[in-house]
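*Asks:* File data-v6.cif follows (mmCIF, C-alpha atoms and all ligand atoms):
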```cif
data_model
loop_
_atom_site.label_atom_id
_atom_site.label_comp_id
_atom_site.auth_asym_id
_atom_site.auth_seq_id
_atom_site.Cartn_x
_atom_site.Cartn_y
_atom_site.Cartn_z
CA MET A 17 -28.55 70.26 42.98
CA PHE A 18 -31.53 70.39 40.62
CA THR A 19 -34.96 70.90 42.12
CA PHE A 20 -38.23 71.56 40.35
CA SER A 21 -38.83 74.56 42.61
CA ASN A 22 -35.60 76.22 41.53
CA ARG A 23 -36.67 78.45 38.62
CA ARG A 24 -33.12 79.64 37.96
CA SER A 25 -32.10 76.12 37.01
CA LEU A 26 -34.64 75.90 34.20
CA PRO A 27 -32.43 77.10 31.32
CA ARG A 28 -29.69 74.69 32.33
CA SER A 29 -32.18 71.83 32.56
CA LEU A 30 -33.54 72.66 29.11
CA LEU A 31 -30.01 72.63 27.76
CA PHE A 32 -29.52 69.22 29.37
CA ILE A 33 -32.70 67.93 27.72
CA CYS A 34 -31.47 69.24 24.34
CA ILE A 35 -28.14 67.46 24.82
CA ILE A 36 -29.64 64.10 25.74
CA SER A 37 -32.08 64.36 22.82
CA MET A 38 -29.21 64.38 20.36
CA PRO A 39 -28.08 61.07 18.82
CA ILE A 40 -26.13 59.25 21.52
CA TYR A 41 -24.04 57.02 19.29
CA SER A 42 -21.26 59.47 18.71
CA VAL A 43 -19.46 62.37 20.30
CA GLY A 44 -19.31 64.51 17.18
CA GLY A 45 -17.37 63.53 14.12
CA VAL A 46 -20.12 61.74 12.16
CA ILE A 47 -19.29 62.05 8.46
CA PHE A 48 -21.93 59.68 7.02
CA ASP A 49 -25.24 58.33 8.33
CA ASP A 50 -27.52 56.26 6.08
CA GLY A 51 -30.58 54.26 7.06
CA PHE A 52 -31.39 53.77 3.34
CA GLU A 53 -34.54 55.87 3.65
CA SER A 54 -33.80 57.41 0.25
CA GLY A 55 -34.92 54.00 -1.04
CA ASP A 56 -31.65 53.48 -2.90
CA LEU A 57 -27.85 53.73 -2.58
CA SER A 58 -27.67 57.40 -3.60
CA HIS A 59 -26.89 58.87 -0.19
CA ALA A 60 -23.47 60.57 -0.05
CA GLU A 61 -22.06 62.75 2.70
CA ASN A 62 -18.66 64.34 3.45
CA GLY A 63 -16.94 62.31 0.75
CA VAL A 64 -18.41 58.96 1.85
CA SER A 65 -20.58 57.22 -0.74
CA TRP A 66 -21.78 53.79 -1.76
CA TRP A 67 -19.78 52.30 -4.62
CA TYR A 68 -20.48 49.21 -6.68
CA GLY A 69 -21.97 45.90 -5.54
CA MET A 70 -21.21 42.35 -6.55
CA PRO A 71 -21.97 39.99 -8.15
CA SER A 72 -22.96 41.48 -11.45
CA PRO A 73 -26.37 40.04 -12.41
CA GLY A 74 -26.20 36.33 -13.16
CA ASN A 75 -22.49 36.19 -12.48
CA GLY A 76 -22.26 34.81 -8.94
CA PRO A 77 -21.15 31.31 -8.00
CA THR A 78 -24.85 30.37 -7.66
CA PRO A 79 -27.82 31.63 -9.69
CA ASP A 80 -29.40 33.04 -6.50
CA ASP A 81 -26.46 35.28 -5.60
CA ILE A 82 -27.70 38.86 -5.94
CA LYS A 83 -25.76 42.09 -5.48
CA PRO A 84 -27.07 44.10 -2.52
CA TYR A 85 -30.04 46.38 -3.07
CA VAL A 86 -32.25 48.57 -0.88
CA SER A 87 -35.41 46.74 0.12
CA THR A 88 -38.57 47.30 2.18
CA GLU A 89 -38.65 43.65 3.31
CA HIS A 90 -36.90 43.92 6.65
CA PRO A 91 -35.91 47.38 7.94
CA LYS A 92 -34.35 47.90 11.37
CA THR A 93 -35.47 51.51 11.36
CA GLY A 94 -37.74 53.38 8.97
CA SER A 95 -38.94 51.60 5.84
CA TYR A 96 -35.75 50.38 4.16
CA SER A 97 -32.59 48.35 4.69
CA LEU A 98 -29.86 46.91 2.46
CA LYS A 99 -30.52 43.32 1.42
CA PHE A 100 -27.73 40.79 0.82
CA SER A 101 -28.79 37.54 -0.89
CA PHE A 102 -26.45 34.53 -0.87
CA GLY A 103 -27.53 31.58 -2.98
CA GLY A 104 -27.73 28.10 -1.48
CA SER A 105 -26.02 25.08 -3.00
CA VAL A 106 -24.54 21.71 -2.16
CA ASP A 107 -20.94 22.68 -2.82
CA LYS A 108 -20.67 26.13 -4.46
CA ASP A 109 -19.34 29.41 -3.06
CA ALA A 110 -21.73 32.38 -2.75
CA THR A 111 -21.41 36.16 -2.74
CA SER A 112 -23.21 39.42 -2.09
CA GLU A 113 -20.97 42.43 -1.45
CA GLN A 114 -21.46 46.20 -1.12
CA ARG A 115 -18.50 48.52 -1.67
CA PHE A 116 -18.08 52.05 -0.30
CA LYS A 117 -15.64 54.93 -0.89
CA ILE A 118 -14.20 57.43 1.60
CA ALA A 119 -12.80 60.42 -0.27
CA SER A 120 -11.58 62.24 2.86
CA HIS A 121 -8.98 59.51 3.53
CA PRO A 122 -9.23 59.32 7.34
CA LYS A 123 -6.46 57.60 9.30
CA ASP A 124 -8.73 56.95 12.28
CA LEU A 125 -12.24 55.72 11.50
CA TRP A 126 -15.27 54.37 13.36
CA ILE A 127 -17.97 52.45 11.49
CA LYS A 128 -21.28 51.29 12.91
CA PHE A 129 -24.07 49.24 11.34
CA ASN A 130 -26.91 46.97 12.32
CA LEU A 131 -26.78 43.46 10.81
CA PHE A 132 -29.68 41.00 10.68
CA ILE A 133 -28.73 37.32 10.93
CA PRO A 134 -31.53 35.09 9.55
CA SER A 135 -32.92 32.01 11.27
CA ASN A 136 -31.31 29.67 8.72
CA TYR A 137 -27.79 31.14 8.94
CA LYS A 138 -25.18 28.40 9.00
CA ASN A 139 -21.44 28.90 8.50
CA ARG A 140 -20.87 25.44 7.11
CA ALA A 141 -17.64 23.53 7.21
CA SER A 142 -15.62 23.29 4.04
CA SER A 143 -13.24 20.69 2.76
CA VAL A 144 -11.17 23.49 1.23
CA PRO A 145 -8.50 24.91 3.57
CA GLY A 146 -8.68 28.65 4.06
CA SER A 147 -12.42 28.84 3.56
CA ASN A 148 -13.49 32.11 5.13
CA ASN A 149 -16.47 34.34 4.45
CA LYS A 150 -16.06 38.10 4.21
CA PHE A 151 -17.61 40.24 6.95
CA MET A 152 -16.04 43.61 6.24
CA TYR A 153 -12.87 45.21 4.86
CA VAL A 154 -11.64 48.79 5.12
CA GLU A 155 -8.60 49.57 3.05
CA SER A 156 -6.51 51.67 0.71
CA ALA A 157 -4.37 50.68 -2.24
CA GLY A 158 -1.47 49.63 -0.03
CA GLN A 159 -3.00 48.26 3.16
CA TYR A 160 -6.13 46.82 4.68
CA VAL A 161 -7.88 45.81 7.88
CA GLY A 162 -10.02 42.78 7.08
CA PHE A 163 -12.53 40.75 9.01
CA GLU A 164 -13.60 37.30 7.83
CA SER A 165 -15.88 34.75 9.44
CA TRP A 166 -14.71 31.18 10.05
CA MET A 167 -16.73 28.19 11.16
CA THR A 168 -16.69 27.22 14.82
CA THR A 169 -18.81 25.00 17.05
CA ASP A 170 -18.48 27.47 19.96
CA GLY A 171 -21.97 28.92 20.36
CA GLY A 172 -23.77 26.14 18.51
CA PRO A 173 -23.49 24.24 15.21
CA GLY A 174 -22.85 26.50 12.23
CA SER A 175 -21.49 29.35 14.38
CA ALA A 176 -18.72 31.64 13.17
CA TYR A 177 -15.94 33.76 14.66
CA ILE A 178 -14.00 36.73 13.29
CA PRO A 179 -10.24 37.24 13.62
CA MET A 180 -8.34 40.27 12.31
CA HIS A 181 -6.54 40.14 8.94
CA LEU A 182 -3.99 42.92 8.45
CA LYS A 183 -1.86 44.11 5.58
CA TYR A 184 0.46 47.10 6.02
CA ASN A 185 3.75 48.36 4.65
CA GLY A 186 3.23 46.08 1.66
CA VAL A 187 3.10 42.83 3.68
CA ASP A 188 0.09 40.60 4.32
CA ARG A 189 0.26 39.77 8.04
CA GLY A 190 -2.09 36.78 7.84
CA HIS A 191 -5.70 35.89 8.49
CA ASP A 192 -5.36 35.58 12.28
CA HIS A 193 -3.07 38.41 13.29
CA GLU A 194 -2.90 38.81 17.11
CA GLY A 195 -5.14 35.75 17.59
CA GLN A 196 -8.24 37.47 18.92
CA HIS A 197 -11.53 35.88 17.88
CA ALA A 198 -14.71 37.93 18.02
CA PRO A 199 -17.94 35.88 18.22
CA TYR A 200 -19.62 36.72 14.89
CA VAL A 201 -22.66 34.42 14.89
CA GLN A 202 -23.51 32.14 17.79
CA THR A 203 -26.38 30.07 16.46
CA ASN A 204 -27.67 29.23 19.95
CA THR A 205 -28.54 32.88 20.59
CA ASP A 206 -27.99 35.13 17.54
CA LEU A 207 -30.39 33.87 14.84
CA ASN A 208 -33.38 35.87 13.61
CA LYS A 209 -32.06 39.00 15.35
CA TRP A 210 -30.49 42.36 14.60
CA HIS A 211 -26.98 42.93 15.96
CA GLU A 212 -25.19 46.24 16.37
CA TRP A 213 -21.57 46.21 15.22
CA ILE A 214 -19.08 49.01 15.86
CA ILE A 215 -15.63 48.79 14.29
CA HIS A 216 -12.69 51.10 15.05
CA VAL A 217 -9.68 51.09 12.73
CA LYS A 218 -6.68 53.38 13.14
CA MET A 219 -3.40 53.52 11.25
CA ALA A 220 -0.18 53.99 13.22
CA THR A 221 0.98 57.62 12.99
CA THR A 222 4.61 57.03 11.94
CA SER A 223 6.96 54.20 10.99
CA SER A 224 8.25 54.09 14.56
CA SER A 225 5.00 54.49 16.48
CA ASN A 226 2.81 51.68 17.77
CA ASP A 227 -0.40 53.65 18.09
CA GLY A 228 -2.55 51.82 15.53
CA ALA A 229 -5.74 50.16 16.71
CA VAL A 230 -8.41 47.67 15.66
CA GLU A 231 -11.39 47.29 17.97
CA MET A 232 -14.90 45.82 17.66
CA TRP A 233 -18.07 45.91 19.72
CA LYS A 234 -21.05 43.59 19.19
CA ASN A 235 -24.30 44.65 20.83
CA GLY A 236 -22.40 46.91 23.22
CA VAL A 237 -19.88 44.25 24.24
CA GLN A 238 -16.28 44.79 23.23
CA VAL A 239 -15.27 41.64 21.35
CA MET A 240 -11.88 42.72 19.95
CA GLU A 241 -9.23 45.03 21.35
CA ASN A 242 -5.99 45.32 19.40
CA LEU A 243 -4.10 48.40 20.54
CA ASN A 244 -0.47 49.44 20.09
CA LEU A 245 -0.34 48.16 16.50
CA PRO A 246 2.60 49.22 14.26
CA ASN A 247 0.37 49.24 11.15
CA TYR A 248 2.03 52.14 9.35
CA SER A 249 2.33 52.22 5.56
CA PRO A 250 4.73 54.71 3.91
CA GLU A 251 2.16 55.18 1.15
CA TYR A 252 -1.59 54.96 1.57
CA ASN A 253 -1.49 55.36 5.37
CA TYR A 254 -5.24 55.99 5.40
CA PHE A 255 -8.60 54.42 4.55
CA GLU A 256 -10.18 55.17 1.17
CA ALA A 257 -12.64 52.32 0.53
CA GLY A 258 -14.02 49.08 1.81
CA TYR A 259 -16.92 46.67 1.66
CA LEU A 260 -19.67 45.10 3.74
CA LEU A 261 -20.12 41.30 3.66
CA GLY A 262 -18.96 39.74 0.38
CA TYR A 263 -17.46 36.55 -0.94
CA ALA A 264 -18.32 33.43 1.07
CA ASN A 265 -15.80 30.71 0.31
CA THR A 266 -17.83 28.11 2.18
CA GLY A 267 -21.12 29.00 0.50
CA PHE A 268 -24.41 28.16 2.20
CA ASP A 269 -26.69 25.12 2.22
CA GLU A 270 -29.80 27.29 1.73
CA ASN A 271 -30.51 30.70 0.26
CA THR A 272 -29.33 32.97 3.09
CA ILE A 273 -30.47 36.58 3.30
CA LEU A 274 -28.86 39.15 5.58
CA TYR A 275 -29.86 42.81 5.98
CA ILE A 276 -27.86 45.88 7.01
CA ASP A 277 -29.38 49.14 8.26
CA ASP A 278 -28.27 52.37 9.94
CA VAL A 279 -24.70 52.66 8.67
CA VAL A 280 -22.60 55.37 10.35
CA PHE A 281 -19.05 56.52 9.59
CA SER A 282 -17.37 58.77 12.15
CA THR A 283 -13.93 60.21 12.76
CA SER A 284 -14.52 60.09 16.51
CA LYS A 285 -15.64 57.41 18.92
CA ILE A 286 -19.05 55.79 18.36
CA VAL A 287 -20.71 54.64 21.55
CA PRO A 288 -23.16 51.68 21.40
CA GLU A 289 -26.79 52.81 21.41
CA GLY A 290 -27.53 50.76 24.51
CA GLY A 291 -24.30 51.79 26.21
CA ILE A 292 -21.32 49.58 26.99
CA ALA A 293 -22.41 46.16 28.24
CA SER A 294 -20.49 43.77 30.47
CA PRO A 295 -18.51 41.25 28.44
CA ASN A 296 -20.80 38.22 28.43
CA PRO A 297 -19.66 36.14 26.70
CA PRO A 298 -16.15 37.37 27.53
CA LEU A 299 -13.68 38.59 24.99
CA ILE A 300 -12.46 35.50 23.18
CA LYS A 301 -8.69 35.31 22.83
CA CA A 401 -33.70 52.03 7.50
#
```
Represent the structure contained in this file as structure tokens.
Ligand SMILES: [Ca+2]

*Replies:*
Amino acid sequence: MFTFSNRRSLPRSLLFICIISMPIYSVGGVIFDDGFESGDLSHAENGVSWWYGMPSPGNGPTPDDIKPYVSTEHPKTGSYSLKFSFGGSVDKDATSEQRFKIASHPKDLWIKFNLFIPSNYKNRASSVPGSNNKFMYVESAGQYVGFESWMTTDGGPGSAYIPMHLKYNGVDRGHDHEGQHAPYVQTNTDLNKWHEWIIHVKMATTSSSNDGAVEMWKNGVQVMENLNLPNYSPEYNYFEAGYLLGYANTGFDENTILYIDDVVFSTSKIVPEGGIASPNPPLIK
């Protein structure tokens, strides 16, 4: 038992202090960590790097669509974050998308980032079937794990949920594979706030194993848990690229600006900064 009078315990206590002073979001395995404090998208680490953004200037569905760029306007930490600008319109789509590359081709990957949802965020309804807005994809040439937001009234008008969209072994498995719906934006509680997202994606090891996984945590609450997936692909059974946010098929009524900060890629488990919270609201299925 530790006591302050026990001098022999001092080295061990110092070691303990050193351990708890280390970043708590991961147990080793971090391959990329970028809070955009370089002031640009130049940071690269262990084969992970930022790739191109979209739209090209002046080429989005609306004139106010801008490809993501590093900005001082609204950092979560430090002085910079990555700004995504979606143009408002009566009936047009919108887009702002940042691509990344992963040269090490991991089969089991954890990604964390902080996402700011503005006070005027509204996932509007669309008269066009299939209207989803991209949240994040991680993929290779032959497969992907995709997350798209869809309008819901659960959580307030203009809210959005995220199902899982899988492709593997050459077959698109659909937008709502496994039927789990993570609460993406709940307008009653989530506006004008930063949210911590952690995403775990894992390919199945072999064609006969069911050990693939897709999991998500929002603000320390697990909001998706798909285990025992048979998502093996004979070729490209790894992750080599992906993107954050992106094409919004519903578009937005007003110019809508989101920010991302503190992006982490890891090959081992990332633990939420505030620890695991009780599921409230519960996992939506
Ligand atoms: Ca930052």

*Asks:* For A:His121, find every residue with an atom within 12 Å (counting only C-alpha atoms), except residues of its own chain fewer than 3 positions away, and show them as a list of chain:residue names.

*Replies:*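 Once the nearby chain positions are removed, what remains is A:Ile47, A:Asn62, A:Gly63, A:Val64, A:Lys117, A:Ile118, A:Asp124, A:Leu125, A:Val154, A:Glu155, A:Ser156, A:Ala157, A:Lys218, A:Met219, A:Tyr252, A:Asn253, A:Tyr254, A:Phe255, A:Glu256, A:Ala257, A:Gly258, A:Thr283.
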
*Asks:* Considering only C-alpha atoms and all ligand atoms, can you say which of A:Ile82, A:Gly45, A:Asp278, A:Ile214 comes closest to ligand CA 401 (chain A)?

*Replies:*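 Closest candidate: A:Asp278.
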
*Asks:* Determine the nearest neighbour of A:Met240 from the options A:Asn130, A:Ser97, A:Gln196, A:Thr266, counting all atoms listed in the file.

*Replies:*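 Using all atoms listed in the file, A:Met240 sits closest to A:Gln196.
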
*Asks:* Between A:Ala110, A:Leu207, A:Val279, A:Val187, which residue has the minimum interatomic distance to ligand CA 401 (chain A), considering all atoms listed in the file?

*Replies:*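 Using all atoms listed in the file, ligand CA 401 (chain A) sits closest to A:Val279.
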
*Asks:* Just the number, please: distance in Å from atom CA of A:Ser282 to atom CA of A:Phe48, one decimal.

*Replies:*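 Calculated distance between atom CA of A:Ser282 and atom CA of A:Phe48 is 6.9 Å.
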
*Asks:* Would you mind listing the residues within 10 Å of ligand CA 401 (chain A), counting only C-alpha atoms and all ligand atoms, as a PDB file with C-alpha atoms, keeping the file's coordinate frame?

*Replies:*
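Once everything was written out, this is result-v6.pdb:
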```
ATOM      1  CA  ASP A  50     -27.520  56.260   6.080  1.00  0.00           C
ATOM      2  CA  GLY A  51     -30.580  54.260   7.060  1.00  0.00           C
ATOM      3  CA  PHE A  52     -31.390  53.770   3.340  1.00  0.00           C
ATOM      4  CA  GLU A  53     -34.540  55.870   3.650  1.00  0.00           C
ATOM      5  CA  SER A  54     -33.800  57.410   0.250  1.00  0.00           C
ATOM      6  CA  GLY A  55     -34.920  54.000  -1.040  1.00  0.00           C
ATOM      7  CA  VAL A  86     -32.250  48.570  -0.880  1.00  0.00           C
ATOM      8  CA  SER A  87     -35.410  46.740   0.120  1.00  0.00           C
ATOM      9  CA  THR A  88     -38.570  47.300   2.180  1.00  0.00           C
ATOM     10  CA  HIS A  90     -36.900  43.920   6.650  1.00  0.00           C
ATOM     11  CA  PRO A  91     -35.910  47.380   7.940  1.00  0.00           C
ATOM     12  CA  LYS A  92     -34.350  47.900  11.370  1.00  0.00           C
ATOM     13  CA  THR A  93     -35.470  51.510  11.360  1.00  0.00           C
ATOM     14  CA  GLY A  94     -37.740  53.380   8.970  1.00  0.00           C
ATOM     15  CA  SER A  95     -38.940  51.600   5.840  1.00  0.00           C
ATOM     16  CA  TYR A  96     -35.750  50.380   4.160  1.00  0.00           C
ATOM     17  CA  SER A  97     -32.590  48.350   4.690  1.00  0.00           C
ATOM     18  CA  LEU A  98     -29.860  46.910   2.460  1.00  0.00           C
ATOM     19  CA  ASN A 130     -26.910  46.970  12.320  1.00  0.00           C
ATOM     20  CA  ILE A 276     -27.860  45.880   7.010  1.00  0.00           C
ATOM     21  CA  ASP A 277     -29.380  49.140   8.260  1.00  0.00           C
ATOM     22  CA  ASP A 278     -28.270  52.370   9.940  1.00  0.00           C
ATOM     23  CA  VAL A 279     -24.700  52.660   8.670  1.00  0.00           C
TER      24      VAL A 279
END
```

*Asks:* Work out how far apart atom CA of A:Ser224 and atom CA of A:Pro250 are and give it in Å to one decimal.

*Replies:*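 Atom-to-atom, atom CA of A:Ser224 to atom CA of A:Pro250, that is 11.2 Å.
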
*Asks:* Using only C-alpha atoms, which of A:Leu274, A:Leu261, A:Val106, A:Val280 sits nearest A:Ile127?

*Replies:*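 Selected residue with least distance to A:Ile127: A:Val280.
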
*Asks:* Give me the residues within 8 Å of A:Thr272 as a PyMOL selection string, counting only C-alpha atoms and dropping any in the same chain fewer than 2 places off.

*Replies:* chain A and resi 101-104+134+136-137+268+270+274

*Asks:* What does the structure give for the distance between atom CA of A:Phe100 and atom CA of A:Met70, in Å to one decimal?

*Replies:*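 That distance, rounded to one decimal, is 10.0 Å.
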
*Asks:* Using 8 Å as the limit and counting all atoms listed in the file, can you tabulate each residue of stretch 205-255 of chain A that touches stretch 285-290 of chain A, with its shortest atom-to-atom distance in Å and the two atoms involved, as CSV?

*Replies:*
```
residue,atom,partner,partner_atom,distance
A:Glu212,CA,A:Pro288,CA,7.7
A:Ile214,CA,A:Ile286,CA,7.2
A:His216,CA,A:Lys285,CA,8.0
A:Trp233,CA,A:Pro288,CA,7.9
A:Asn235,CA,A:Pro288,CA,7.1
A:Gly236,CA,A:Pro288,CA,5.2
```

*Asks:* Smallest atom-to-atom distance to A:Ile178: which of A:Ser143, A:Val239, A:Asp227, A:Asp269, using only C-alpha atoms?

*Replies:*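 That would be A:Val239, the residue with the smallest distance to A:Ile178.
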
*Asks:* Pick out the residues sitting within 7 Å of A:Gln159, and hand them over as a PyMOL selection string; count only C-alpha atoms, and ignore anything fewer than 4 positions along from it in its own chain.

*Replies:* chain A and resi 155+183-186

*Asks:* Which centre and which edge lengths, in Å to one decimal, describe the axis-aligned box that holds all listed atoms of stretch 196-208 of chain A after 4 Å is added on each side, as JSON?

*Replies:*
```
{"center_x": -20.8, "center_y": 33.6, "center_z": 17.1, "size_x": 33.1, "size_y": 16.7, "size_z": 15.0}
```

*Asks:* What lies within 8 Å of A:Ala264 using only C-alpha atoms, ignoring chain neighbours under 2 positions off, as a PyMOL selection string?

*Replies:* chain A and resi 109-111+147-150+262+266-267

*Asks:* Applying 7 Å and all atoms listed in the file, which residues near A:Ile215 remain after dropping the ones on its own chain fewer than 2 positions away? List them as a list in words.

*Replies:* Trp126, Ile127, Lys128, Trp213, Val217, Glu231, Met232 and Trp233 of chain A

*Asks:* Nearest residue to A:Ser284 out of A:Lys123, A:His191, A:Lys83, A:Arg140, using all atoms listed in the file?

*Replies:*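 Selected residue with least distance to A:Ser284: A:Lys123.
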